[in-house]
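Novice: Supplied structure: protein.txt, compact mmCIF, C-alpha atoms.
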# COMPACT_ATOMS: atom_id res chain seq x y z
CA MET H 175 114.00 193.94 74.98
CA PHE H 176 110.43 194.86 75.89
CA SER H 177 110.27 192.04 78.46
CA LEU H 178 113.47 193.30 80.10
CA ILE H 179 112.06 196.81 80.51
CA ILE H 180 108.80 195.46 81.95
CA SER H 181 110.75 193.26 84.39
CA ILE H 182 112.88 196.20 85.57
CA ILE H 183 109.78 198.37 86.09
CA ALA H 184 108.05 195.56 88.02
CA ILE H 185 111.09 195.09 90.29
CA ALA H 186 111.30 198.85 90.88
CA LEU H 187 107.61 198.99 91.82
CA VAL H 188 108.00 196.09 94.27
CA ILE H 189 110.97 197.83 95.91
CA VAL H 190 109.03 201.11 96.20
CA LEU H 191 106.01 199.34 97.71
CA ALA H 192 108.19 197.42 100.18
CA GLY H 193 109.90 200.65 101.26
CA ALA H 194 106.57 202.45 101.65
CA SER H 195 105.12 199.64 103.76
CA LEU H 196 108.14 199.73 106.08
CA TYR H 197 108.00 203.51 106.35
CA TYR H 198 104.26 203.84 106.90
CA GLY H 199 103.67 200.49 108.60
CA GLY H 200 106.61 200.68 111.01
CA ASP H 201 104.65 202.78 113.49
CA ALA H 202 101.85 200.20 113.56
CA PHE H 203 104.37 197.48 114.41
CA ASN H 204 105.81 199.56 117.28
CA LYS H 205 102.36 200.37 118.67
CA GLY H 206 101.40 196.70 118.53
CA THR H 207 104.45 195.77 120.58
CA ALA H 208 103.69 198.46 123.16
CA LYS H 209 100.06 197.30 123.43
CA GLY H 210 101.20 193.72 123.95
CA GLU H 211 103.63 194.75 126.72
CA ALA H 212 100.93 196.89 128.38
CA ALA H 213 98.49 193.98 128.32
CA LYS H 214 101.17 191.74 129.87
CA TYR H 215 101.70 194.16 132.78
CA VAL H 216 97.96 194.52 133.42
CA ASN H 217 97.49 190.73 133.31
CA GLU H 218 100.33 190.16 135.78
CA ALA H 219 98.96 192.82 138.14
CA GLN H 220 95.53 191.20 138.07
CA GLN H 221 97.11 187.81 138.84
CA ILE H 222 98.86 189.35 141.85
CA GLN H 223 95.58 190.91 142.98
CA ALA H 224 93.93 187.47 142.90
CA ALA H 225 96.89 185.94 144.77
CA VAL H 226 96.63 188.61 147.49
CA THR H 227 92.91 187.90 147.84
CA MET H 228 93.53 184.14 148.18
CA TYR H 229 96.32 184.80 150.71
CA LYS H 230 94.00 186.94 152.83
CA VAL H 231 91.27 184.27 152.75
CA ASP H 232 93.68 181.49 153.75
CA ASN H 233 95.39 183.55 156.47
CA LYS H 234 92.37 185.11 158.21
CA SER H 235 92.72 188.55 156.56
CA ALA H 236 96.45 188.80 157.26
CA ILE H 237 98.26 191.04 154.79
CA PRO H 238 101.14 189.49 152.83
CA THR H 239 104.46 191.16 153.65
CA GLY H 240 105.98 190.74 150.21
CA MET H 241 105.96 188.86 146.95
CA THR H 242 107.72 185.90 148.59
CA ASP H 243 104.54 185.25 150.61
CA LEU H 244 102.64 184.87 147.34
CA ASP H 245 105.01 182.74 145.28
CA GLY H 246 106.05 180.38 148.09
CA SER H 247 109.74 180.85 147.31
CA GLU H 248 110.81 181.83 150.83
CA ASP H 249 109.73 178.87 152.93
CA GLY H 250 108.07 176.52 150.43
CA SER H 251 104.61 177.40 151.74
CA VAL H 252 101.45 177.68 149.66
CA GLN H 253 102.15 178.97 146.17
CA TYR H 254 99.54 181.54 145.10
CA LEU H 255 101.40 182.54 141.92
CA SER H 256 102.45 179.96 139.34
CA ALA H 257 105.75 181.75 138.75
CA PRO H 258 107.65 184.45 140.65
CA LEU H 259 107.05 187.91 139.21
CA GLY H 260 110.27 189.51 140.44
CA HIS H 261 109.83 192.84 138.67
CA TRP H 262 106.72 193.62 140.76
CA THR H 263 106.90 195.07 144.27
CA LEU H 264 104.01 194.68 146.71
CA GLN H 265 103.03 197.89 148.50
CA ALA H 266 103.35 197.89 152.29
CA ASP H 267 99.60 197.68 152.94
CA ALA H 268 99.09 195.12 150.11
CA ALA H 269 96.68 197.52 148.44
CA GLY H 270 98.61 197.47 145.17
CA VAL H 271 101.77 196.63 143.28
CA THR H 272 104.44 198.59 141.43
CA ALA H 273 106.70 197.63 138.51
CA THR H 274 109.27 199.35 136.32
CA VAL H 275 108.55 199.39 132.59
CA GLU H 276 111.30 199.59 129.95
CA SER H 277 109.53 201.77 127.40
CA ALA H 278 107.73 205.09 127.60
CA ASP H 279 105.49 203.81 124.76
CA VAL H 280 104.14 201.15 127.13
CA CYS H 281 103.35 203.88 129.68
CA GLU H 282 101.55 205.87 127.01
CA VAL H 283 99.39 202.88 126.04
CA ILE H 284 98.58 202.12 129.69
CA GLU H 285 97.53 205.72 130.34
CA LYS H 286 95.45 206.12 127.17
CA ASP H 287 94.06 202.72 126.22
CA ILE H 288 93.90 200.45 129.27
CA LYS H 289 90.74 200.54 131.37
CA VAL H 290 90.47 198.24 134.38
CA SER H 291 87.21 197.90 136.31
CA ASN H 292 87.26 198.27 140.11
CA SER H 293 90.98 199.05 140.10
CA GLN H 294 93.31 201.90 139.31
CA ILE H 295 96.28 201.57 136.99
CA SER H 296 98.67 204.37 136.18
CA CYS H 297 102.07 204.77 134.63
CA LEU H 298 104.42 207.64 135.47
CA SER H 299 107.47 208.60 133.43
CA ASP H 300 110.15 210.45 135.37
CA ALA H 301 113.79 210.96 134.34
CA GLY H 302 113.90 207.89 132.11
CA THR H 303 112.16 205.65 134.66
CA ASN H 304 108.68 204.43 133.83
CA THR H 305 106.73 203.06 136.78
CA VAL H 306 103.42 201.18 136.58
CA THR H 307 101.26 201.27 139.71
CA TYR H 308 98.22 199.01 140.03
CA THR H 309 96.01 199.72 143.03
CA PHE H 310 93.49 197.10 144.15
Just give me the structure as structure tokens.

Specialist:
Amino acid sequence: MFSLIISIIAIALVIVLAGASLYYGGDAFNKGTAKGEAAKYVNEAQQIQAAVTMYKVDNKSAIPTGMTDLDGSEDGSVQYLSAPLGHWTLQADAAGVTATVESADVCEVIEKDIKVSNSQISCLSDAGTNTVTYTF
């Protein structure tokens, strides 16, 4: 009988600890996901910046007109990006790129935690749309 009571108490304690870890640890899991997404966007923007620089060197300082100039998908020309990054839009003067982010948490992480040297990154939330802008 004593072993049964001890077993029930042990199971109850495990359930309470599992519930507490989900309740208190859930926020850490969400923040980790947002930080990972923010890092992905910054990494992609830096890859595009490098591709724009290589395009300008190869084309005598000519400015690329769009992302198709960088990924070689339009005419099969030189491919400066290993894969098309369709969610990014190149600004008209090729001085930066813009993308739409799904989560406001990602915008919050970009604004608070991400620091990029020699460049400007910002994330604006407006009417449910979150836009990341990376200026070279």

Novice: Provide the CA of Ile295 (chain H) to CA of Val226 (chain H) distance in Å, to one decimal place.

Specialist: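 CA of Ile295 (chain H) sits 16.7 Å away from CA of Val226 (chain H).
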
Novice: Mind pulling up the distance from CA of Pro258 (chain H) to CA of Gly246 (chain H)?

Specialist: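 About the pair CA of Gly246 (chain H) and CA of Pro258 (chain H): they are 8.6 Å apart.
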
Novice: Have a look at CA of Thr272 (chain H) and CA of Asn233 (chain H) and let me know their distance in Å, one decimal.

Specialist: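 Result for CA of Thr272 (chain H) versus CA of Asn233 (chain H): 23.1 Å, one decimal.
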
Novice: Looking at H:Val216, H:Ile237, H:Ala266, H:Leu196, which one is nearest to Ser293 (chain H), with distances taken over only C-alpha atoms?

Specialist: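 For Ser293 (chain H), the nearest of the given residues is H:Val216.
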
Novice: Between H:Ala213, H:Trp262, H:Gln223, H:Ser195, which is the closest to Val280 (chain H) once you count all atoms listed in the file?

Specialist: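 Under the stated criterion, the closest residue is H:Ala213.
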
Novice: Of the candidates H:Leu255, H:Ile288, H:Met175, H:Ile180, which one gets nearest to Glu218 (chain H) if we count only C-alpha atoms?

Specialist: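 Under the stated criterion, the closest residue is H:Leu255.
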
Novice: Ranking H:Ser251, H:Ser177, H:Thr263, H:Thr207 by minimum distance to Ile222 (chain H) and counting all atoms listed in the file, which one comes first?

Specialist: H:Thr263

Novice: As JSON, numbers by chain, please: the residues near Glu211 (chain H) (cut-off 10 Å, only C-alpha atoms, same-chain neighbours under 6 positions excluded).

Specialist: {"H": [205, 217, 275, 276, 277, 279, 280, 281, 283, 284]}

Novice: Out of H:Ala257, H:Leu264, H:Val252, H:Ala212, which residue has the shortest atom-to-atom distance to Thr239 (chain H) when counting all atoms listed in the file?

Specialist: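 Selected residue with least distance to Thr239 (chain H): H:Leu264.
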
Novice: Measuring between all atoms listed in the file, which one of H:Leu244, H:Ala225, H:Thr309, H:Val271 shows the shortest distance to Val290 (chain H)?

Specialist: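 Between H:Leu244, H:Ala225, H:Thr309, H:Val271, the residue approaching Val290 (chain H) most closely is H:Thr309.
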